[in-house]
Amino acid sequence: MSGEAKLPKEFLWGYATASYQIEGSASEGGRAPSIWDAFCKTPGKIRDGSSGDIASDSYRLWKEDVVLLTSYGVKAYRFSLSWSRIIPKGGRNDPINEEGIQFYRTLLEELLHNGIVPFVTLHHWDSPQGLHDKYGGWLNKDEIIEDYVNYAKVCFRAFGDIVQNWITHNEPWCVSLLGYGSGRFAPGHVGDTEHWIVAHNLLLAHAYAVKAYREEFKPAQGGQIGITLDCQWTIPYDDSPETTARALDFKLTRFADPIYRGQYPARVKTIIGDRLPEFSPEERAIVQGSSDFFGLNTYTTHVIQHDGDGDESVGFVKMGHTRSDGTQLGTQSEFDWLQTYGPGFRNLLNYLWKTYQKPIYVTENGFAVKNENNVTSQEAIHDKDRAEYFEQYTKALLQAVTEDGADVRGYFGWSLLDNFEWADGYLVRFGVTRVDYDTQRRTPKDSAAFLSKWFKDHIHG
Ligand code: GBH
């Protein structure tokens with residue numbers, strides 16, 4: 001392999017975070033509860049009984065976060081805005097919280113001052129509880145679209161002069177399926193029809209926000225806007241192209257095809273029938289072409305098998321991580337679903353580039369070291385398995401770009417900090433920076449040093 005291969009000079013790399021996972025100060029600065037605040041208070045929902053009330057304390061320690069980012073030499077930082085910090089009650093006629101606007105404005109200015117390009121996510125799962133109470137949140141098509149577009153416009157107006165990269169939603173698959181299907185995530189609704197409605201409404205809200213940006217803000221502000229979808233690469237357990245296609249359709253194509261091609265995939269329509277909502281011709285025209293780039297969150301590869309008695313919502317596909325010859329894909333993480341397997345990342349980038357022909361930003365990629373929560377901070381900072389993961393995934397990234405020609409323009413490691421890992425509370429850590437939750441002290445781990453050096457060496461000067 002040539003030691004010469006490098007990413008283009010403009011390539012952006014950095015870390016990603018999300019408001020509810022890092023900010024804390026849940027009742028400070030005029031913020032009102034999101035659906036995650038309410039969900040965390042429901043007994044049994046969060047494995048360690050915790051919440052994001054304090055999290056990594058970034059609402060107070062945001063300056064330290066920027067110092068860390070600067071010390072890591074990143075070029076970009078992806079974070080999310082808390083809707084209920086900006087419009088506490090959430091709705092289009094509800095008051096805007098100037099303290100919330102000011103908080104993000106100051107953070108953005110500090111990032112720019114340090115030469116760090118912000119990527120701003122509008123919705124990383126923490127929609128206002130007030131809207132859920134009032135009309136069912138994401139289930140109520142007409143109300144939520146208007147309220148979301150209003151919120152988006154408030155953000156474009158407040159920050160658009162200094163933000164050039166917008167992401168509408170993080171992982172609509174998780175919001176719909178886990179929030180309104182299995183109920184593992186907020187708001188904890190269980191059912192087999194509603195999550196299709198929520199997914200549909202998320203697509204529409206995204207598309208109308210993009211339309212508003214393009215018509216009312218982009219001419220003066222000139223930024224780009226898109227959505228982030230989550231997808232893992234798959235390897236069939238036994239040879240079955242139909243299972244592979246079905247797995248992809250139910251995970252990714254059901255969001256990507258409406259956005260990039262204007263329609264739901266046929267396989268999904270056949271199986272879900274009239275429980276799958278339809279786009280009116282006017283809606284279809286707005287949804288199609290509604291993303292300037294492909295925002296991709298990806299963590300691992302799954303070994304998949306047809307499972308006729310299994311879960312319809314994922315296309316009757318069973319996910320595993322052991323091949324039919326008994327071998328495992330790679331190093332096991334703290335999570336069952338996550339193993340290290342770099343070649344799958346290269347395949348996925350190639351597949352997405354060939355299929356959708358949109359510039360790709362990898363908006364999340366990362367690893368949870370097994371038992372990392374059970375060791376001292378001194379031990380945890382030597383996160384060998386995470387560094388090995390990043391070594392494999394950056395190698396795959398470089399190959400996809402320089403050997404295969406995939407148009408990948410950015411890469412964000414998940415995550416800058418250890419943080420609140422949703423239903424797993426503080427038991428699972430993804431940070432390249434150790435957070436001691438007693439003192440909120442931040443300590444760089446070895447994986448942070450690895451990525452800093454790797455990108456320094458592999459981006460053209
Ligand atoms: C990301 O989702 C999130 O964007 C981020 O906020 C989070 O901290 C990070 O992952 C690490 O988990 O067994 O049915 O619950 C990645 C997509 C969604 C993959 C949940 C694993 C578990 C499926 N993940 N999924 S289930």
# chains A, B, ... in the order shown; residues from 1 in each chain; ligands from 1

call {"tool": "residues_around", "arguments": {"residues": "Arg323 in chain A", "least_positions_apart": "4", "cutoff": "7 Å", "atoms": "only C-alpha atoms", "output": "JSON, numbers by chain"}}
result
{"A": [237, 303, 327, 328]}

call {"tool": "residues_near_ligand", "arguments": {"ligand": "ligand 1", "cutoff": "7 Å", "atoms": "only C-alpha atoms and all ligand atoms", "output": "list in words"}}
result
Ala18, Asn170, Glu171, Cys174, Leu178, Arg184, Asp230, Asn297, Thr298, Tyr299, Trp337, Trp414, Glu421, Trp422 and Phe430 of chain A

call {"tool": "residues_around", "arguments": {"residues": "Ala199 in chain A", "least_positions_apart": "3", "cutoff": "10 Å", "atoms": "only C-alpha atoms", "output": "NGL selection string"}}
result
:A and (138-139 or 172-177 or 180 or 194-196 or 202-205 or 254-255 or 276-277)

call {"tool": "closest_atom_pairs", "arguments": {"of": "range 99-216 of chain A", "to": "range 362-373 of chain A", "cutoff": "12 Å", "atoms": "only C-alpha atoms", "output": "Markdown table"}}
result
| residue | atom | partner | partner_atom | distance |
| --- | --- | --- | --- | --- |
| A:Pro118 | CA | A:Thr363 | CA | 12.0 |
| A:Phe119 | CA | A:Thr363 | CA | 9.0 |
| A:Val120 | CA | A:Thr363 | CA | 10.7 |
| A:Thr121 | CA | A:Thr363 | CA | 10.1 |
| A:Asn165 | CA | A:Thr363 | CA | 11.6 |
| A:Trp166 | CA | A:Thr363 | CA | 11.5 |
| A:Ile167 | CA | A:Thr363 | CA | 9.6 |
| A:His169 | CA | A:Thr363 | CA | 11.6 |
| A:Asn170 | CA | A:Thr363 | CA | 9.2 |
| A:Glu171 | CA | A:Thr363 | CA | 10.5 |

call {"tool": "write_last_selection", "arguments": {"atoms": "C-alpha atoms", "output": "PDB file, in the first residue's frame"}}
result
ATOM      1  CA  PRO A 118     -19.756  23.660  13.108  1.00  0.00           C
ATOM      2  CA  PHE A 119     -22.176  20.963  11.910  1.00  0.00           C
ATOM      3  CA  VAL A 120     -25.461  21.604  13.669  1.00  0.00           C
ATOM      4  CA  THR A 121     -28.144  18.966  14.179  1.00  0.00           C
ATOM      5  CA  ASN A 165     -23.864  22.899   7.670  1.00  0.00           C
ATOM      6  CA  TRP A 166     -27.278  21.802   8.933  1.00  0.00           C
ATOM      7  CA  ILE A 167     -28.639  18.369   9.755  1.00  0.00           C
ATOM      8  CA  HIS A 169     -32.790  14.834  12.073  1.00  0.00           C
ATOM      9  CA  ASN A 170     -30.443  12.316  13.591  1.00  0.00           C
ATOM     10  CA  GLU A 171     -31.426   8.740  12.685  1.00  0.00           C
TER      11      GLU A 171
END

call {"tool": "residues_around", "arguments": {"residues": "range 82-87 of chain A", "least_positions_apart": "6", "cutoff": "10 Å", "atoms": "only C-alpha atoms", "output": "ChimeraX atom specification"}}
result
/A:18-20,23,26-35,93-104,121-130,148,150-152,154-155

call {"tool": "residues_around", "arguments": {"residues": "Gln232 in chain A", "least_positions_apart": "4", "cutoff": "9 Å", "atoms": "only C-alpha atoms", "output": "list in words"}}
result
Leu248, Lys251, Asn297, Thr298, Tyr299, Thr300, Thr301, His302, Gly344, Phe345 and Leu348 of chain A

call {"tool": "residues_around", "arguments": {"residues": "Lys358 in chain A", "least_positions_apart": "3", "cutoff": "9 Å", "atoms": "only C-alpha atoms", "output": "ChimeraX atom specification"}}
result
/A:260,291-294,352-355,407-408

call {"tool": "residues_around", "arguments": {"residues": "Lys218 in chain A", "least_positions_apart": "2", "cutoff": "12 Å", "atoms": "only C-alpha atoms", "output": "list of chain:residue names"}}
result
A:Lys153, A:Phe156, A:Arg157, A:Gly160, A:Asp161, A:Val163, A:Gln164, A:Asn165, A:Trp166, A:Ala209, A:Val210, A:Lys211, A:Ala212, A:Tyr213, A:Arg214, A:Glu215, A:Glu216, A:Ala220, A:Gln221, A:Gly222, A:Gly223, A:Gln224, A:Ile225

call {"tool": "select_by_dssp", "arguments": {"residues": "range 44-202 of chain A", "states": "strand (DSSP E)", "output": "PyMOL selection string"}}
result
chain A and resi 76-80+117-123+165-170

call {"tool": "closest_residue", "arguments": {"among": "A:Ala158, A:Ala186, A:Ile46, A:Leu112", "to": "Phe217 in chain A", "atoms": "only C-alpha atoms"}}
result
A:Ala158

call {"tool": "select_by_dssp", "arguments": {"residues": "range 306-403 of chain A", "states": "helix (DSSP H, G or I)", "output": "count of residues only"}}
result
44

call {"tool": "atom_distance", "arguments": {"atom1": "CA of Asp436 in chain A", "atom2": "CA of Ser377 in chain A"}}
result
7.1 Å
